[in-house]
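Have a look at the structure below, then the notes.
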Amino acid sequence: MRERKPLLSYGAILLVVTFLVSCGSPPIEPPPKWTAENPNASTGTPTAAAKPPAAPKPDTDSSLDALRRGESATGGPLKDVNFDFDSAALSEPARATLRANADWLKANAAARVQVEGHCDERGTAEYNMALGAKRAQAAMDYLTTLGIAANRLSTISYGEEIPVCKEKTEDCWARNRRARFAVSQAKPAA
(Lines give C-alpha, C1' and ligand atoms only; values in the text may rest on other atoms or scores of the structure.)
Protein backbone atom coordinates (compact mmCIF):
# COMPACT_ATOMS: atom_id res chain seq x y z
CA MET A 1 0.00 0.00 0.00
CA ARG A 2 2.91 2.33 0.73
CA GLU A 3 4.11 2.07 -2.84
CA ARG A 4 0.75 3.28 -4.19
CA LYS A 5 0.54 6.31 -1.90
CA PRO A 6 3.41 8.24 -3.59
CA LEU A 7 2.02 7.29 -6.99
CA LEU A 8 -1.41 8.71 -6.11
CA SER A 9 0.07 11.90 -4.67
CA TYR A 10 2.23 12.40 -7.78
CA GLY A 11 -0.85 11.86 -9.95
CA ALA A 12 -2.86 14.40 -7.93
CA ILE A 13 -0.04 16.95 -8.12
CA LEU A 14 0.25 16.43 -11.89
CA LEU A 15 -3.49 16.93 -12.27
CA VAL A 16 -3.44 20.19 -10.25
CA VAL A 17 -0.44 21.55 -12.16
CA THR A 18 -2.05 20.71 -15.51
CA PHE A 19 -5.24 22.45 -14.45
CA LEU A 20 -3.41 25.57 -13.26
CA VAL A 21 -1.29 25.82 -16.39
CA SER A 22 -4.22 25.36 -18.76
CA CYS A 23 -6.45 27.82 -16.91
CA GLY A 24 -3.84 30.40 -16.06
CA SER A 25 -2.98 31.82 -19.45
CA PRO A 26 -5.24 32.94 -22.27
CA PRO A 27 -4.99 31.08 -25.56
CA ILE A 28 -2.64 32.56 -28.10
CA GLU A 29 -4.43 33.72 -31.23
CA PRO A 30 -2.64 33.94 -34.56
CA PRO A 31 -2.31 37.42 -36.08
CA PRO A 32 -5.15 38.36 -38.42
CA LYS A 33 -4.62 37.58 -42.06
CA TRP A 34 -4.84 40.18 -44.77
CA THR A 35 -8.29 40.23 -46.33
CA ALA A 36 -10.27 42.65 -48.42
CA GLU A 37 -12.32 43.50 -45.33
CA ASN A 38 -9.20 44.17 -43.25
CA PRO A 39 -6.35 45.33 -45.57
CA ASN A 40 -4.31 46.73 -42.63
CA ALA A 41 -4.10 43.42 -40.76
CA SER A 42 -0.63 42.52 -42.04
CA THR A 43 0.81 45.96 -41.25
CA GLY A 44 -0.34 46.05 -37.65
CA THR A 45 -2.20 49.32 -38.23
CA PRO A 46 -5.27 49.51 -36.01
CA THR A 47 -8.55 49.30 -37.83
CA ALA A 48 -12.04 50.29 -36.87
CA ALA A 49 -13.90 47.67 -34.88
CA ALA A 50 -15.58 45.24 -37.20
CA LYS A 51 -19.33 45.12 -37.08
CA PRO A 52 -20.73 41.77 -36.03
CA PRO A 53 -22.64 40.03 -38.79
CA ALA A 54 -26.34 40.74 -38.86
CA ALA A 55 -28.50 38.14 -37.22
CA PRO A 56 -29.89 35.81 -39.84
CA LYS A 57 -33.51 36.28 -40.72
CA PRO A 58 -35.53 33.51 -39.15
CA ASP A 59 -36.70 30.74 -41.45
CA THR A 60 -40.27 31.54 -40.43
CA ASP A 61 -41.77 34.58 -38.85
CA SER A 62 -43.87 32.80 -36.28
CA SER A 63 -45.64 34.51 -33.42
CA LEU A 64 -43.09 32.98 -31.08
CA ASP A 65 -40.17 34.43 -33.09
CA ALA A 66 -41.80 37.86 -33.01
CA LEU A 67 -42.41 37.56 -29.26
CA ARG A 68 -38.74 36.69 -28.69
CA ARG A 69 -37.77 39.83 -30.61
CA GLY A 70 -40.24 41.87 -28.55
CA GLU A 71 -42.42 42.60 -31.57
CA SER A 72 -45.99 41.92 -32.52
CA ALA A 73 -46.57 39.20 -35.10
CA THR A 74 -48.64 41.05 -37.66
CA GLY A 75 -48.59 41.50 -41.38
CA GLY A 76 -47.29 39.07 -43.93
CA PRO A 77 -48.78 37.97 -47.22
CA LEU A 78 -51.43 35.73 -45.65
CA LYS A 79 -54.34 37.07 -43.63
CA ASP A 80 -55.46 35.78 -40.24
CA VAL A 81 -58.71 33.85 -39.88
CA ASN A 82 -60.90 34.65 -36.87
CA PHE A 83 -63.17 32.30 -34.94
CA ASP A 84 -66.27 32.62 -32.79
CA PHE A 85 -66.03 32.13 -29.03
CA ASP A 86 -65.36 28.52 -28.00
CA SER A 87 -65.42 27.34 -31.63
CA ALA A 88 -63.12 25.93 -34.28
CA ALA A 89 -65.78 26.12 -37.01
CA LEU A 90 -64.91 28.19 -40.07
CA SER A 91 -67.33 31.03 -40.79
CA GLU A 92 -68.01 32.17 -44.36
CA PRO A 93 -65.70 35.23 -43.96
CA ALA A 94 -62.99 32.86 -42.68
CA ARG A 95 -63.47 30.59 -45.71
CA ALA A 96 -63.21 33.60 -48.05
CA THR A 97 -59.94 34.63 -46.38
CA LEU A 98 -58.61 31.08 -46.70
CA ARG A 99 -59.52 31.02 -50.41
CA ALA A 100 -57.47 34.21 -50.90
CA ASN A 101 -54.62 32.67 -48.88
CA ALA A 102 -54.79 29.53 -51.05
CA ASP A 103 -54.54 31.66 -54.20
CA TRP A 104 -51.36 33.27 -52.84
CA LEU A 105 -49.93 29.87 -51.91
CA LYS A 106 -50.65 28.53 -55.40
CA ALA A 107 -48.79 31.49 -56.91
CA ASN A 108 -45.87 30.97 -54.48
CA ALA A 109 -45.18 27.25 -54.75
CA ALA A 110 -41.93 27.36 -52.73
CA ALA A 111 -43.67 28.80 -49.67
CA ARG A 112 -44.31 26.63 -46.65
CA VAL A 113 -46.79 27.65 -43.95
CA GLN A 114 -47.09 26.95 -40.27
CA VAL A 115 -50.72 27.47 -39.24
CA GLU A 116 -50.85 28.80 -35.69
CA GLY A 117 -53.93 28.35 -33.53
CA HIS A 118 -54.63 31.08 -30.96
CA CYS A 119 -57.33 31.66 -28.33
CA ASP A 120 -58.51 34.41 -26.03
CA GLU A 121 -57.65 34.22 -22.34
CA ARG A 122 -60.93 32.74 -21.18
CA GLY A 123 -60.80 29.05 -20.31
CA THR A 124 -57.99 26.99 -18.83
CA ALA A 125 -54.57 26.93 -20.43
CA GLU A 126 -55.01 23.24 -21.31
CA TYR A 127 -58.42 23.81 -22.90
CA ASN A 128 -57.11 26.76 -24.92
CA MET A 129 -54.11 24.76 -26.18
CA ALA A 130 -56.49 22.06 -27.42
CA LEU A 131 -58.87 24.62 -28.96
CA GLY A 132 -55.96 26.40 -30.66
CA ALA A 133 -54.85 23.07 -32.16
CA LYS A 134 -58.39 22.45 -33.49
CA ARG A 135 -58.49 25.93 -35.05
CA ALA A 136 -55.12 25.47 -36.75
CA GLN A 137 -56.17 22.04 -38.01
CA ALA A 138 -59.49 23.38 -39.34
CA ALA A 139 -57.68 26.07 -41.34
CA MET A 140 -55.10 23.59 -42.63
CA ASP A 141 -57.77 21.07 -43.63
CA TYR A 142 -59.68 23.71 -45.57
CA LEU A 143 -56.50 24.82 -47.39
CA THR A 144 -55.88 21.22 -48.47
CA THR A 145 -59.42 20.99 -49.89
CA LEU A 146 -58.51 24.06 -51.96
CA GLY A 147 -55.56 22.24 -53.53
CA ILE A 148 -52.66 23.16 -51.24
CA ALA A 149 -50.44 20.13 -50.63
CA ALA A 150 -50.51 18.97 -47.02
CA ASN A 151 -46.72 18.59 -46.98
CA ARG A 152 -46.43 22.39 -47.37
CA LEU A 153 -48.47 22.95 -44.21
CA SER A 154 -47.95 22.30 -40.51
CA THR A 155 -49.84 23.30 -37.39
CA ILE A 156 -48.99 24.51 -33.91
CA SER A 157 -51.13 25.76 -31.05
CA TYR A 158 -50.15 28.67 -28.84
CA GLY A 159 -53.46 28.66 -26.96
CA GLU A 160 -53.83 31.93 -25.07
CA GLU A 161 -50.07 32.46 -24.68
CA ILE A 162 -49.39 34.97 -27.48
CA PRO A 163 -52.27 37.45 -27.69
CA VAL A 164 -52.31 40.32 -30.17
CA CYS A 165 -54.46 42.32 -27.76
CA LYS A 166 -54.42 42.29 -23.95
CA GLU A 167 -57.49 44.36 -23.05
CA LYS A 168 -60.37 42.60 -21.34
CA THR A 169 -63.00 43.53 -23.93
CA GLU A 170 -65.02 41.45 -26.37
CA ASP A 171 -63.38 43.21 -29.34
CA CYS A 172 -59.93 42.32 -28.04
CA TRP A 173 -60.87 38.73 -27.26
CA ALA A 174 -62.32 38.37 -30.78
CA ARG A 175 -58.98 39.50 -32.29
CA ASN A 176 -57.11 36.88 -30.24
CA ARG A 177 -59.34 34.00 -31.45
CA ARG A 178 -57.50 33.33 -34.69
CA ALA A 179 -55.45 31.15 -36.96
CA ARG A 180 -52.27 32.92 -38.07
CA PHE A 181 -50.07 31.88 -40.99
CA ALA A 182 -46.27 31.98 -40.61
CA VAL A 183 -44.71 31.72 -44.08
CA SER A 184 -41.27 30.31 -44.82
CA GLN A 185 -39.53 29.55 -48.06
CA ALA A 186 -38.56 26.01 -48.91
CA LYS A 187 -34.92 25.14 -48.43
CA PRO A 188 -33.14 24.01 -51.59
CA ALA A 189 -32.73 20.25 -51.86
CA ALA A 190 -29.22 19.07 -51.07
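Scheme for the C-alpha coordinates: letters A, B, ... for chains in order shown; per-chain residue numbers from 1; ligand numbers from 1 in order shown.
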Next item on the list: Within 8 Å of A:Ser87, counting only C-alpha atoms, which residues show up once you throw out same-chain ones fewer than 3 positions away? Write them as number ranges by chain, please.
Entry: A: 83-84, 131, 135
Just want the 7 Å neighbourhood of stretch 106-120 of chain A, counted on only C-alpha atoms, with same-chain residues fewer than 3 positions away dropped. Output as an mmCIF file with N, CA and C atoms, in the first residue's frame.
```cif
data_model
loop_
_atom_site.group_PDB
_atom_site.id
_atom_site.type_symbol
_atom_site.label_atom_id
_atom_site.label_comp_id
_atom_site.auth_asym_id
_atom_site.auth_seq_id
_atom_site.Cartn_x
_atom_site.Cartn_y
_atom_site.Cartn_z
ATOM 1 N N ALA A 102 -55.107 30.655 -50.165
ATOM 2 C CA ALA A 102 -54.795 29.531 -51.048
ATOM 3 C C ALA A 102 -54.330 30.032 -52.413
ATOM 4 N N ASP A 103 -54.964 31.081 -52.921
ATOM 5 C CA ASP A 103 -54.541 31.657 -54.201
ATOM 6 C C ASP A 103 -53.100 32.139 -54.115
ATOM 7 N N ASN A 128 -57.448 25.836 -23.840
ATOM 8 C CA ASN A 128 -57.111 26.756 -24.925
ATOM 9 C C ASN A 128 -56.030 26.190 -25.844
ATOM 10 N N GLY A 132 -56.865 25.817 -29.672
ATOM 11 C CA GLY A 132 -55.958 26.402 -30.665
ATOM 12 C C GLY A 132 -55.514 25.368 -31.690
ATOM 13 N N ALA A 133 -55.245 24.142 -31.231
ATOM 14 C CA ALA A 133 -54.855 23.067 -32.156
ATOM 15 C C ALA A 133 -55.995 22.745 -33.117
ATOM 16 N N ARG A 135 -58.358 24.806 -34.109
ATOM 17 C CA ARG A 135 -58.490 25.932 -35.048
ATOM 18 C C ARG A 135 -57.432 25.860 -36.138
ATOM 19 N N ALA A 136 -56.193 25.588 -35.758
ATOM 20 C CA ALA A 136 -55.124 25.474 -36.750
ATOM 21 C C ALA A 136 -55.405 24.324 -37.700
ATOM 22 N N MET A 140 -55.961 24.415 -41.769
ATOM 23 C CA MET A 140 -55.104 23.593 -42.629
ATOM 24 C C MET A 140 -55.942 22.638 -43.487
ATOM 25 N N ARG A 152 -46.865 20.979 -47.454
ATOM 26 C CA ARG A 152 -46.428 22.388 -47.372
ATOM 27 C C ARG A 152 -46.956 23.057 -46.112
ATOM 28 N N LEU A 153 -47.791 22.360 -45.355
ATOM 29 C CA LEU A 153 -48.471 22.949 -44.211
ATOM 30 C C LEU A 153 -48.135 22.192 -42.935
ATOM 31 N N SER A 154 -48.071 22.913 -41.827
ATOM 32 C CA SER A 154 -47.945 22.297 -40.513
ATOM 33 C C SER A 154 -48.760 23.136 -39.540
ATOM 34 N N THR A 155 -49.045 22.571 -38.383
ATOM 35 C CA THR A 155 -49.840 23.302 -37.390
ATOM 36 C C THR A 155 -49.114 23.356 -36.060
ATOM 37 N N ILE A 156 -49.470 24.367 -35.280
ATOM 38 C CA ILE A 156 -48.991 24.511 -33.911
ATOM 39 C C ILE A 156 -50.055 25.297 -33.151
ATOM 40 N N SER A 157 -50.188 25.010 -31.877
ATOM 41 C CA SER A 157 -51.128 25.763 -31.047
ATOM 42 C C SER A 157 -50.355 26.566 -30.017
ATOM 43 N N TYR A 158 -50.701 27.834 -29.896
ATOM 44 C CA TYR A 158 -50.153 28.668 -28.835
ATOM 45 C C TYR A 158 -51.205 28.955 -27.768
ATOM 46 N N GLY A 159 -52.412 28.429 -27.957
ATOM 47 C CA GLY A 159 -53.460 28.655 -26.964
ATOM 48 C C GLY A 159 -53.656 30.140 -26.715
ATOM 49 N N GLU A 160 -53.639 30.521 -25.456
ATOM 50 C CA GLU A 160 -53.827 31.925 -25.068
ATOM 51 C C GLU A 160 -52.500 32.643 -24.834
ATOM 52 N N TRP A 173 -60.812 40.183 -27.288
ATOM 53 C CA TRP A 173 -60.872 38.728 -27.263
ATOM 54 C C TRP A 173 -61.141 38.168 -28.660
ATOM 55 N N ASN A 176 -58.032 37.928 -30.682
ATOM 56 C CA ASN A 176 -57.114 36.876 -30.243
ATOM 57 C C ASN A 176 -57.564 35.482 -30.676
ATOM 58 N N ARG A 177 -58.825 35.303 -31.006
ATOM 59 C CA ARG A 177 -59.342 33.998 -31.447
ATOM 60 C C ARG A 177 -59.065 33.870 -32.943
ATOM 61 N N ARG A 178 -57.920 33.277 -33.290
ATOM 62 C CA ARG A 178 -57.498 33.334 -34.691
ATOM 63 C C ARG A 178 -56.620 32.154 -35.069
ATOM 64 N N ALA A 179 -56.492 31.984 -36.373
ATOM 65 C CA ALA A 179 -55.452 31.150 -36.961
ATOM 66 C C ALA A 179 -54.548 32.118 -37.708
ATOM 67 N N ARG A 180 -53.265 32.050 -37.443
ATOM 68 C CA ARG A 180 -52.275 32.918 -38.072
ATOM 69 C C ARG A 180 -51.381 32.049 -38.946
ATOM 70 N N PHE A 181 -50.830 32.624 -40.009
ATOM 71 C CA PHE A 181 -50.069 31.876 -40.990
ATOM 72 C C PHE A 181 -48.640 32.408 -41.059
ATOM 73 N N ALA A 182 -47.691 31.614 -40.570
ATOM 74 C CA ALA A 182 -46.266 31.979 -40.612
ATOM 75 C C ALA A 182 -45.655 31.346 -41.857
ATOM 76 N N VAL A 183 -45.213 32.182 -42.765
ATOM 77 C CA VAL A 183 -44.712 31.720 -44.076
ATOM 78 C C VAL A 183 -43.201 31.572 -44.026
ATOM 79 N N SER A 184 -42.712 30.487 -44.629
ATOM 80 C CA SER A 184 -41.272 30.311 -44.819
ATOM 81 C C SER A 184 -41.052 29.820 -46.239
ATOM 82 N N GLN A 185 -39.863 30.026 -46.725
ATOM 83 C CA GLN A 185 -39.528 29.547 -48.058
ATOM 84 C C GLN A 185 -38.903 28.172 -47.932
ATOM 85 N N ALA A 186 -39.126 27.357 -48.920
ATOM 86 C CA ALA A 186 -38.558 26.007 -48.908
ATOM 87 C C ALA A 186 -37.052 26.098 -49.029
#
```
Check: Nearest to A:Leu98 among A:Leu64, A:Pro77, A:Asp86, A:Tyr142, with distances taken over only C-alpha atoms: which residue is it?
Finding: A:Tyr142
Next item on the list: Provide the atom CA of A:Pro93 to atom CA of A:Thr124 distance in Å, to one decimal place.
Entry: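 These atoms are spaced 27.5 Å apart.
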Next item on the list: Could you jot down the atom CA of A:Asp80 to atom CA of A:Ala150 separation for me, Å, one decimal place?
Entry: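 Separation between atom CA of A:Asp80 and atom CA of A:Ala150: 18.8 Å.
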Check: Out of stretch 62-137 of chain A, which residues get alpha helix (DSSP H) from DSSP, as a PyMOL selection string?
Finding: chain A and resi 63-68+92-107+125-137
Check: Can you tell me how far atom CA of A:Gln137 sits from atom CA of A:Ala88, in Å to one decimal?
Finding: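 Distance between the two atoms: 8.8 Å.
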Next item on the list: Check the DSSP output for the backbone and give back, as a ChimeraX atom specification, the residues of stretch 140-180 of chain A in strand (DSSP E or B).
Entry: /A:153-159,178-180
